[in-house]
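J.: A single structure is presented below for examination.
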Amino acid sequence: MTSLDEILSDFIDAWIAGERPDLDDHLERVPEAEREELAGLIRAFMVDAPVPAYSTETLREIQSEPAVQRTIELIEARSGLWAELLPRLRTRVRLTREEVVSRLANALGQGPKEARVHAYYHRMESGTIEPAGVSRRVLDALAGIFGVTTGDLEAAGDFGSAPEPDAGAVFARPLEPGVTYDVRSERLEHRSLDKTPAEWDEVDRLFLGGR
Amino acid sequence: MLVAFDRDRIRILVSTFRFAGQGNVRVARDKVEDVVQDCYLRMLGMLAGFKGAVLPQYEAAMATCVDFECRDHCRREMRLDQHSGGSLEEKVETDGGGERGKFDAVVGKQERERMQAEARLAEAMEQWVKRREEVLAAIGKIKSDNQRNVLLMTFEGRSVAEIMDKLGLSRDNVYQLRRRGLKFVQDELSGNDEP
(Lines give C-alpha, C1' and ligand atoms only; values in the text may rest on other atoms or scores of the structure.)
Protein backbone atom coordinates (compact mmCIF):
# COMPACT_ATOMS: atom_id res chain seq x y z
CA MET A 1 0.00 0.00 0.00
CA THR A 2 1.22 3.53 -0.74
CA SER A 3 2.46 5.29 2.37
CA LEU A 4 1.01 8.44 3.91
CA ASP A 5 4.35 10.16 3.20
CA GLU A 6 4.05 9.46 -0.51
CA ILE A 7 0.40 10.45 -0.76
CA LEU A 8 1.11 13.71 1.08
CA SER A 9 3.89 14.49 -1.37
CA ASP A 10 1.71 13.49 -4.33
CA PHE A 11 -0.86 16.01 -3.15
CA ILE A 12 1.72 18.75 -2.63
CA ASP A 13 3.37 18.21 -6.00
CA ALA A 14 0.02 18.15 -7.77
CA TRP A 15 -0.92 21.39 -5.97
CA ILE A 16 2.31 23.10 -6.95
CA ALA A 17 1.94 21.96 -10.58
CA GLY A 18 -1.57 23.44 -10.72
CA GLU A 19 -3.21 20.06 -11.26
CA ARG A 20 -5.97 20.73 -8.75
CA PRO A 21 -5.54 17.63 -6.56
CA ASP A 22 -8.74 16.27 -5.05
CA LEU A 23 -8.49 16.24 -1.27
CA ASP A 24 -11.02 13.47 -0.73
CA ASP A 25 -9.38 11.21 -3.30
CA HIS A 26 -6.06 11.57 -1.51
CA LEU A 27 -7.58 11.01 1.93
CA GLU A 28 -9.23 7.83 0.69
CA ARG A 29 -5.90 6.44 -0.44
CA VAL A 30 -4.69 6.08 3.16
CA PRO A 31 -6.18 3.79 5.84
CA GLU A 32 -9.04 5.41 7.73
CA ALA A 33 -6.97 5.64 10.88
CA GLU A 34 -4.46 7.90 9.09
CA ARG A 35 -6.92 10.24 7.35
CA GLU A 36 -7.08 12.83 10.09
CA GLU A 37 -3.31 12.98 10.22
CA LEU A 38 -3.08 13.48 6.46
CA ALA A 39 -5.81 16.16 6.54
CA GLY A 40 -3.92 17.99 9.29
CA LEU A 41 -0.63 17.87 7.37
CA ILE A 42 -2.28 19.16 4.20
CA ARG A 43 -3.85 21.98 6.22
CA ALA A 44 -0.43 22.83 7.66
CA PHE A 45 0.89 23.02 4.08
CA MET A 46 -2.01 25.30 3.10
CA VAL A 47 -1.00 27.89 5.70
CA ASP A 48 1.75 29.05 3.35
CA ALA A 49 1.28 26.95 0.23
CA PRO A 50 2.59 28.58 -2.94
CA VAL A 51 0.21 29.79 -5.61
CA PRO A 52 -0.30 26.83 -7.99
CA ALA A 53 1.14 27.03 -11.49
CA TYR A 54 -2.27 26.94 -13.16
CA SER A 55 -2.32 26.78 -16.94
CA THR A 56 -4.45 29.30 -18.79
CA GLU A 57 -6.91 26.53 -19.57
CA THR A 58 -7.17 25.47 -15.92
CA LEU A 59 -7.68 29.05 -14.78
CA ARG A 60 -10.44 29.43 -17.33
CA GLU A 61 -12.00 26.23 -16.02
CA ILE A 62 -11.89 27.50 -12.44
CA GLN A 63 -13.34 30.85 -13.43
CA SER A 64 -16.29 29.12 -15.05
CA GLU A 65 -17.23 27.26 -11.86
CA PRO A 66 -20.49 28.53 -10.33
CA ALA A 67 -19.02 29.68 -7.00
CA VAL A 68 -16.26 31.67 -8.70
CA GLN A 69 -18.50 32.94 -11.48
CA ARG A 70 -21.05 34.23 -8.99
CA THR A 71 -18.38 35.97 -6.95
CA ILE A 72 -16.88 37.63 -10.01
CA GLU A 73 -20.34 38.77 -11.08
CA LEU A 74 -20.92 40.28 -7.65
CA ILE A 75 -17.65 42.17 -7.79
CA GLU A 76 -18.39 43.47 -11.27
CA ALA A 77 -22.02 44.32 -10.52
CA ARG A 78 -20.97 46.76 -7.78
CA SER A 79 -24.49 46.75 -6.42
CA GLY A 80 -23.98 45.29 -2.97
CA LEU A 81 -24.25 41.68 -1.88
CA TRP A 82 -27.72 41.57 -0.40
CA ALA A 83 -29.23 39.89 -3.44
CA GLU A 84 -26.86 37.00 -2.89
CA LEU A 85 -26.54 37.06 0.86
CA LEU A 86 -30.11 37.50 2.12
CA PRO A 87 -31.68 34.50 0.35
CA ARG A 88 -28.77 32.36 1.55
CA LEU A 89 -29.17 33.54 5.12
CA ARG A 90 -32.89 32.86 4.91
CA THR A 91 -32.32 29.34 3.61
CA ARG A 92 -29.73 28.76 6.28
CA VAL A 93 -32.13 29.49 9.14
CA ARG A 94 -34.81 27.51 7.29
CA LEU A 95 -37.36 30.29 7.01
CA THR A 96 -39.56 31.20 4.07
CA ARG A 97 -39.53 34.75 2.78
CA GLU A 98 -43.03 35.20 4.23
CA GLU A 99 -41.84 34.09 7.67
CA VAL A 100 -38.89 36.49 7.54
CA VAL A 101 -41.16 39.34 6.49
CA SER A 102 -43.65 38.57 9.25
CA ARG A 103 -40.90 38.60 11.88
CA LEU A 104 -39.35 41.71 10.38
CA ALA A 105 -42.66 43.60 10.30
CA ASN A 106 -43.34 42.69 13.92
CA ALA A 107 -39.84 43.62 15.03
CA LEU A 108 -40.27 47.01 13.38
CA GLY A 109 -43.71 47.51 14.91
CA GLN A 110 -45.24 47.47 11.43
CA GLY A 111 -47.36 44.31 11.69
CA PRO A 112 -50.43 45.94 10.07
CA LYS A 113 -48.28 47.09 7.14
CA GLU A 114 -46.68 43.71 6.53
CA ALA A 115 -47.50 43.79 2.81
CA ARG A 116 -45.45 46.96 2.33
CA VAL A 117 -42.60 45.57 4.42
CA HIS A 118 -42.79 42.50 2.17
CA ALA A 119 -42.42 44.63 -0.94
CA TYR A 120 -39.40 46.44 0.46
CA TYR A 121 -37.80 43.25 1.70
CA HIS A 122 -38.32 41.78 -1.76
CA ARG A 123 -36.32 44.69 -3.14
CA MET A 124 -33.54 43.98 -0.68
CA GLU A 125 -33.41 40.33 -1.75
CA SER A 126 -33.53 41.19 -5.42
CA GLY A 127 -30.84 43.87 -5.16
CA THR A 128 -33.10 46.65 -6.35
CA ILE A 129 -32.96 48.89 -3.31
CA GLU A 130 -30.22 51.35 -2.48
CA PRO A 131 -28.43 49.76 0.53
CA ALA A 132 -27.47 53.11 2.06
CA GLY A 133 -31.16 54.00 2.32
CA VAL A 134 -32.06 51.08 4.58
CA SER A 135 -32.18 52.10 8.23
CA ARG A 136 -30.20 50.59 11.07
CA ARG A 137 -33.47 49.46 12.69
CA VAL A 138 -34.18 47.23 9.69
CA LEU A 139 -30.63 45.87 9.68
CA ASP A 140 -30.73 45.23 13.43
CA ALA A 141 -34.01 43.35 13.08
CA LEU A 142 -32.76 41.24 10.17
CA ALA A 143 -29.49 40.53 11.97
CA GLY A 144 -31.53 39.16 14.88
CA ILE A 145 -33.67 37.02 12.59
CA PHE A 146 -30.68 35.58 10.71
CA GLY A 147 -28.32 35.27 13.68
CA VAL A 148 -25.61 37.48 12.15
CA THR A 149 -24.27 40.87 13.16
CA THR A 150 -25.66 44.16 11.90
CA GLY A 151 -22.13 44.95 10.74
CA ASP A 152 -22.13 41.89 8.49
CA LEU A 153 -25.32 43.02 6.77
CA GLU A 154 -24.14 46.61 6.51
CA ALA A 155 -20.81 45.58 4.99
CA ALA A 156 -22.51 43.27 2.50
CA GLY A 157 -24.87 46.06 1.43
CA ASP A 158 -22.04 48.57 1.15
CA PHE A 159 -19.83 46.29 -0.91
CA GLY A 160 -19.21 47.81 -4.28
CA SER A 161 -21.98 50.37 -3.94
CA ALA A 162 -21.48 53.32 -6.20
CA PRO A 163 -21.10 56.73 -4.57
CA GLU A 164 -24.21 58.82 -4.16
CA PRO A 165 -24.08 61.87 -6.43
CA ASP A 166 -27.34 63.27 -5.04
CA ALA A 167 -28.64 61.11 -2.27
CA GLY A 168 -31.75 63.22 -1.76
CA ALA A 169 -33.05 62.32 -5.18
CA VAL A 170 -31.99 58.69 -5.05
CA PHE A 171 -34.18 57.87 -2.06
CA ALA A 172 -37.19 59.82 -3.25
CA ARG A 173 -39.83 57.19 -4.00
CA PRO A 174 -41.80 54.93 -1.67
CA LEU A 175 -42.79 51.51 -2.96
CA GLU A 176 -46.30 50.24 -3.54
CA PRO A 177 -47.07 46.54 -2.97
CA GLY A 178 -46.89 44.34 -6.03
CA VAL A 179 -44.89 46.81 -8.08
CA THR A 180 -41.89 45.31 -9.85
CA TYR A 181 -38.84 47.18 -11.00
CA ASP A 182 -36.21 46.85 -13.65
CA VAL A 183 -32.89 46.60 -11.82
CA ARG A 184 -30.99 48.47 -14.52
CA SER A 185 -33.28 51.46 -14.51
CA GLU A 186 -33.74 51.61 -10.75
CA ARG A 187 -31.49 54.57 -10.13
CA LEU A 188 -32.95 56.55 -13.02
CA GLU A 189 -36.47 55.78 -11.86
CA HIS A 190 -35.64 57.08 -8.42
CA ARG A 191 -34.75 60.41 -9.91
CA SER A 192 -38.08 60.85 -11.66
CA LEU A 193 -40.29 60.38 -8.65
CA ASP A 194 -42.80 62.81 -7.44
CA LYS A 195 -43.05 61.91 -3.74
CA THR A 196 -40.73 63.87 -1.52
CA PRO A 197 -39.10 62.62 1.70
CA ALA A 198 -41.49 64.89 3.59
CA GLU A 199 -44.36 62.74 2.34
CA TRP A 200 -42.86 59.43 3.46
CA ASP A 201 -44.56 57.38 6.09
CA GLU A 202 -42.80 55.26 8.73
CA VAL A 203 -42.29 52.23 6.44
CA ASP A 204 -40.77 54.38 3.69
CA ARG A 205 -38.41 56.01 6.14
CA LEU A 206 -37.31 52.62 7.47
CA PHE A 207 -36.26 51.44 4.02
CA LEU A 208 -35.37 54.66 2.23
CA GLY A 209 -34.35 57.13 4.88
CA GLY A 210 -30.84 55.82 5.45
CA ARG A 211 -28.84 55.39 8.63
CA MET B 1 -8.28 36.82 -10.68
CA LEU B 2 -7.42 36.28 -7.01
CA VAL B 3 -10.85 34.79 -6.57
CA ALA B 4 -10.03 32.06 -9.09
CA PHE B 5 -6.48 31.49 -7.85
CA ASP B 6 -7.64 30.83 -4.32
CA ARG B 7 -10.74 28.82 -5.11
CA ASP B 8 -9.06 25.44 -4.39
CA ARG B 9 -7.18 26.76 -1.36
CA ILE B 10 -10.46 27.90 0.20
CA ARG B 11 -12.10 24.57 -0.58
CA ILE B 12 -9.27 22.63 1.07
CA LEU B 13 -9.20 24.92 4.10
CA VAL B 14 -12.94 24.40 4.49
CA SER B 15 -12.64 20.63 4.03
CA THR B 16 -9.84 20.29 6.57
CA PHE B 17 -11.38 22.63 9.13
CA ARG B 18 -11.85 21.06 12.55
CA PHE B 19 -13.87 22.77 15.28
CA ALA B 20 -11.55 23.74 18.13
CA GLY B 21 -11.91 21.28 20.98
CA GLN B 22 -14.33 19.11 18.97
CA GLY B 23 -12.24 17.41 16.30
CA ASN B 24 -15.17 15.35 15.08
CA VAL B 25 -17.17 18.48 14.27
CA ARG B 26 -16.37 19.59 10.74
CA VAL B 27 -18.00 20.77 7.53
CA ALA B 28 -19.83 17.82 5.96
CA ARG B 29 -18.68 16.91 2.48
CA ASP B 30 -22.00 17.81 0.88
CA LYS B 31 -21.92 21.25 2.54
CA VAL B 32 -18.38 22.21 1.52
CA GLU B 33 -19.40 24.05 -1.66
CA ASP B 34 -22.07 26.03 0.20
CA VAL B 35 -19.57 27.07 2.84
CA VAL B 36 -17.03 28.02 0.15
CA GLN B 37 -19.62 30.32 -1.41
CA ASP B 38 -20.43 31.79 2.01
CA CYS B 39 -16.71 32.36 2.54
CA TYR B 40 -16.55 34.38 -0.67
CA LEU B 41 -19.54 36.47 0.37
CA ARG B 42 -18.12 37.11 3.80
CA MET B 43 -14.80 38.01 2.26
CA LEU B 44 -16.32 40.49 -0.17
CA GLY B 45 -18.26 42.10 2.66
CA MET B 46 -15.16 42.30 4.83
CA LEU B 47 -12.97 43.73 2.09
CA ALA B 48 -15.51 46.44 1.41
CA GLY B 49 -14.75 48.02 4.77
CA PHE B 50 -10.98 47.88 4.57
CA LYS B 51 -8.41 50.05 2.93
CA GLY B 52 -4.78 49.16 2.34
CA ALA B 53 -2.50 47.03 0.22
CA VAL B 54 -4.66 44.71 -1.82
CA LEU B 55 -2.79 41.41 -1.64
CA PRO B 56 -1.94 41.16 2.08
CA GLN B 57 -5.40 42.43 2.87
CA TYR B 58 -6.94 39.85 0.61
CA GLU B 59 -4.91 36.96 2.00
CA ALA B 60 -5.61 37.90 5.60
CA ALA B 61 -9.30 38.45 4.85
CA MET B 62 -9.49 35.13 3.05
CA ALA B 63 -7.96 33.15 5.89
CA THR B 64 -9.98 34.94 8.57
CA CYS B 65 -13.23 34.61 6.66
CA VAL B 66 -12.74 30.91 6.00
CA ASP B 67 -12.08 30.33 9.68
CA PHE B 68 -15.04 32.39 10.88
CA GLU B 69 -17.38 30.93 8.27
CA CYS B 70 -16.43 27.35 9.12
CA ARG B 71 -16.94 28.00 12.82
CA ASP B 72 -20.31 29.64 12.21
CA HIS B 73 -21.39 26.82 9.92
CA CYS B 74 -20.47 24.14 12.45
CA ARG B 75 -22.18 26.05 15.23
CA ARG B 76 -25.37 26.32 13.20
CA GLU B 77 -25.27 22.66 12.27
CA MET B 78 -24.83 21.70 15.91
CA ARG B 79 -27.78 23.84 16.89
CA LEU B 80 -29.97 22.40 14.15
CA ASP B 81 -28.96 18.82 14.82
CA GLN B 82 -27.88 18.44 18.39
CA HIS B 83 -28.20 14.67 18.31
CA SER B 84 -25.40 14.32 15.77
CA GLY B 85 -23.09 15.72 18.43
CA GLY B 86 -23.24 12.49 20.42
CA SER B 87 -21.08 13.26 23.40
CA LEU B 88 -22.27 16.86 23.34
CA GLU B 89 -25.45 15.59 25.04
CA GLU B 90 -23.43 14.99 28.19
CA LYS B 91 -24.04 17.20 31.21
CA VAL B 92 -21.20 19.34 32.50
CA GLU B 93 -20.84 21.26 35.73
CA THR B 94 -20.89 25.05 35.45
CA ASP B 95 -18.62 27.41 37.33
CA GLY B 96 -21.40 28.02 39.82
CA GLY B 97 -21.77 24.32 40.56
CA GLY B 98 -24.96 23.90 38.47
CA GLU B 99 -25.46 21.57 35.51
CA ARG B 100 -25.91 22.36 31.84
CA GLY B 101 -25.72 20.44 28.56
CA LYS B 102 -22.23 20.07 27.18
CA PHE B 103 -23.61 21.11 23.80
CA ASP B 104 -24.85 24.41 25.22
CA ALA B 105 -21.58 24.93 27.02
CA VAL B 106 -19.53 24.33 23.86
CA VAL B 107 -21.76 26.43 21.62
CA GLY B 108 -22.02 29.19 24.18
CA LYS B 109 -18.29 29.37 24.67
CA GLN B 110 -17.59 29.31 20.93
CA GLU B 111 -20.27 31.92 20.30
CA ARG B 112 -18.76 34.27 22.86
CA GLU B 113 -15.36 33.74 21.28
CA ARG B 114 -16.78 34.40 17.81
CA MET B 115 -18.46 37.63 18.90
CA GLN B 116 -15.25 38.77 20.51
CA ALA B 117 -13.36 37.80 17.38
CA GLU B 118 -15.81 39.64 15.11
CA ALA B 119 -15.37 42.71 17.24
CA ARG B 120 -11.66 42.44 16.63
CA LEU B 121 -11.77 41.74 12.94
CA ALA B 122 -8.80 43.88 12.03
CA GLU B 123 -6.88 42.31 14.86
CA ALA B 124 -7.81 38.84 13.60
CA MET B 125 -6.49 39.71 10.16
CA GLU B 126 -3.25 40.97 11.66
CA GLN B 127 -3.04 37.71 13.58
CA TRP B 128 -3.15 35.84 10.33
CA VAL B 129 -0.22 37.78 8.95
CA LYS B 130 1.61 37.07 12.19
CA ARG B 131 0.72 33.43 11.94
CA ARG B 132 2.36 33.14 8.55
CA GLU B 133 5.47 34.73 9.95
CA GLU B 134 5.36 32.15 12.72
CA VAL B 135 5.39 29.39 10.15
CA LEU B 136 8.66 30.71 8.80
CA ALA B 137 10.02 31.11 12.32
CA ALA B 138 8.99 27.54 13.11
CA ILE B 139 10.79 26.24 10.05
CA GLY B 140 13.89 28.12 11.16
CA LYS B 141 13.82 26.13 14.41
CA ILE B 142 14.11 22.78 12.67
CA LYS B 143 17.45 21.35 13.64
CA SER B 144 17.98 19.00 10.70
CA ASP B 145 19.36 20.91 7.71
CA ASN B 146 17.81 18.48 5.25
CA GLN B 147 14.39 18.64 6.91
CA ARG B 148 14.48 22.44 7.00
CA ASN B 149 15.63 22.73 3.40
CA VAL B 150 13.05 20.26 2.14
CA LEU B 151 10.30 22.22 3.83
CA LEU B 152 11.55 25.61 2.63
CA MET B 153 11.77 24.28 -0.91
CA THR B 154 8.28 22.81 -0.58
CA PHE B 155 6.86 26.19 0.41
CA GLU B 156 8.81 27.74 -2.46
CA GLY B 157 6.91 25.45 -4.81
CA ARG B 158 9.60 22.85 -5.59
CA SER B 159 8.53 19.35 -6.56
CA VAL B 160 9.91 16.13 -5.07
CA ALA B 161 12.05 15.61 -8.18
CA GLU B 162 13.55 19.10 -7.94
CA ILE B 163 14.31 18.68 -4.23
CA MET B 164 15.90 15.27 -4.84
CA ASP B 165 18.06 16.79 -7.54
CA LYS B 166 19.07 19.84 -5.54
CA LEU B 167 19.76 18.16 -2.20
CA GLY B 168 20.92 14.77 -3.44
CA LEU B 169 18.29 12.91 -1.45
CA SER B 170 16.34 9.78 -2.32
CA ARG B 171 12.64 10.01 -3.12
CA ASP B 172 11.70 8.23 0.10
CA ASN B 173 13.86 10.64 2.06
CA VAL B 174 12.11 13.65 0.59
CA TYR B 175 8.69 12.10 1.29
CA GLN B 176 9.63 11.45 4.89
CA LEU B 177 11.29 14.82 5.50
CA ARG B 178 8.34 16.69 4.05
CA ARG B 179 5.95 14.90 6.34
CA ARG B 180 8.12 15.43 9.41
CA GLY B 181 8.62 19.08 8.54
CA LEU B 182 4.91 19.72 8.11
CA LYS B 183 4.18 17.84 11.34
CA PHE B 184 6.64 20.15 13.08
CA VAL B 185 4.92 23.22 11.65
CA GLN B 186 1.51 21.82 12.59
CA ASP B 187 2.63 21.22 16.17
CA GLU B 188 4.22 24.68 16.40
CA LEU B 189 1.00 26.30 15.35
CA SER B 190 -1.44 24.06 17.20
CA GLY B 191 -1.21 26.14 20.37
CA ASN B 192 -2.09 29.24 18.41
CA ASP B 193 -5.15 28.17 16.48
CA GLU B 194 -7.52 30.95 17.47
CA PRO B 195 -7.72 34.11 15.38
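Chain identifiers are assigned as A, B, and so on, following the order in which chains appear in the C-alpha coordinates; residues are numbered from 1 within each chain, and ligands are numbered from 1 in order of appearance.
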For chain B, which residues have at least one atom within 6 Å of chain A, if we go by only C-alpha atoms? Write them as a list in words, please.
T.: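 Selected residues: Ala4, Thr16, Gln37, Gly45, Ala48, Phe155, Gly157, Ser159, Tyr175, Gln176, Arg179, Leu182 and Gln186 of chain B.
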J.: Show me, as a PyMOL selection string, the residues that have an atom within 8 Å of range 133-140 of chain A when counting only C-alpha atoms, minus same-chain residues fewer than 2 positions from it.
T.: chain A and resi 104+108+129-131+142-144+149-150+153-154+171+205-211
J.: Do you know which residues are at most 10 Å from Val101 in chain A counting only C-alpha atoms, after dropping those on the same chain fewer than 6 positions away, and could you put them as number ranges by chain?
T.: A: 95, 107, 111, 114-122, 142, 145
J.: Can you tell me how far CA of Glu57 in chain A sits from CA of Arg7 in chain B, in Å to one decimal?
T.: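 If I compute the distance from CA of Glu57 in chain A to CA of Arg7 in chain B, I get 15.1 Å.
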J.: Find the spatial neighbours of Gly181 in chain B, counting only C-alpha atoms, within a cut-off of 7 Å - ignore same-chain residues fewer than 4 positions away - and output them as a PyMOL selection string.
T.: chain B and resi 147-148+151+177+185
J.: Would you mind exporting the chosen residues as a short mmCIF file (atom, residue, chain, number, x, y, z; two decimals), in the first residue's frame, restricted to N, CA and C atoms?
T.:
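As a result, result_8.cif now contains:
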data_model
loop_
_atom_site.label_atom_id
_atom_site.label_comp_id
_atom_site.auth_asym_id
_atom_site.auth_seq_id
_atom_site.Cartn_x
_atom_site.Cartn_y
_atom_site.Cartn_z
N GLN B 147 15.84 18.47 6.65
CA GLN B 147 14.39 18.64 6.91
C GLN B 147 13.98 20.09 6.67
N ARG B 148 14.79 21.02 7.17
CA ARG B 148 14.48 22.44 7.00
C ARG B 148 14.50 22.83 5.52
N LEU B 151 11.52 21.47 3.55
CA LEU B 151 10.30 22.22 3.83
C LEU B 151 10.30 23.60 3.16
N LEU B 177 10.90 13.52 4.94
CA LEU B 177 11.29 14.82 5.50
C LEU B 177 10.18 15.87 5.34
N VAL B 185 5.64 21.94 11.81
CA VAL B 185 4.92 23.22 11.65
C VAL B 185 3.54 23.14 12.28
#
J.: My list of candidates is B:Leu44, B:Leu167, B:Val150, B:Ile10. Which is closest to Val66 in chain B when distances are computed with only C-alpha atoms?
T.: B:Ile10
J.: Would you please extract all alpha helix (DSSP H) residues from range 10-170 of chain A, as assigned by DSSP on the backbone, and give them as a PyMOL selection string?
T.: chain A and resi 10-16+23-28+32-46+56-63+66-77+82-92+97-107+114-126+136-146+150-158+167-170
J.: As an exercise, work out the distance from CA of Pro87 in chain A to CA of Ala20 in chain B in Å and give it to one decimal place.
T.: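 Computing it gives 28.9 Å between the two atoms.
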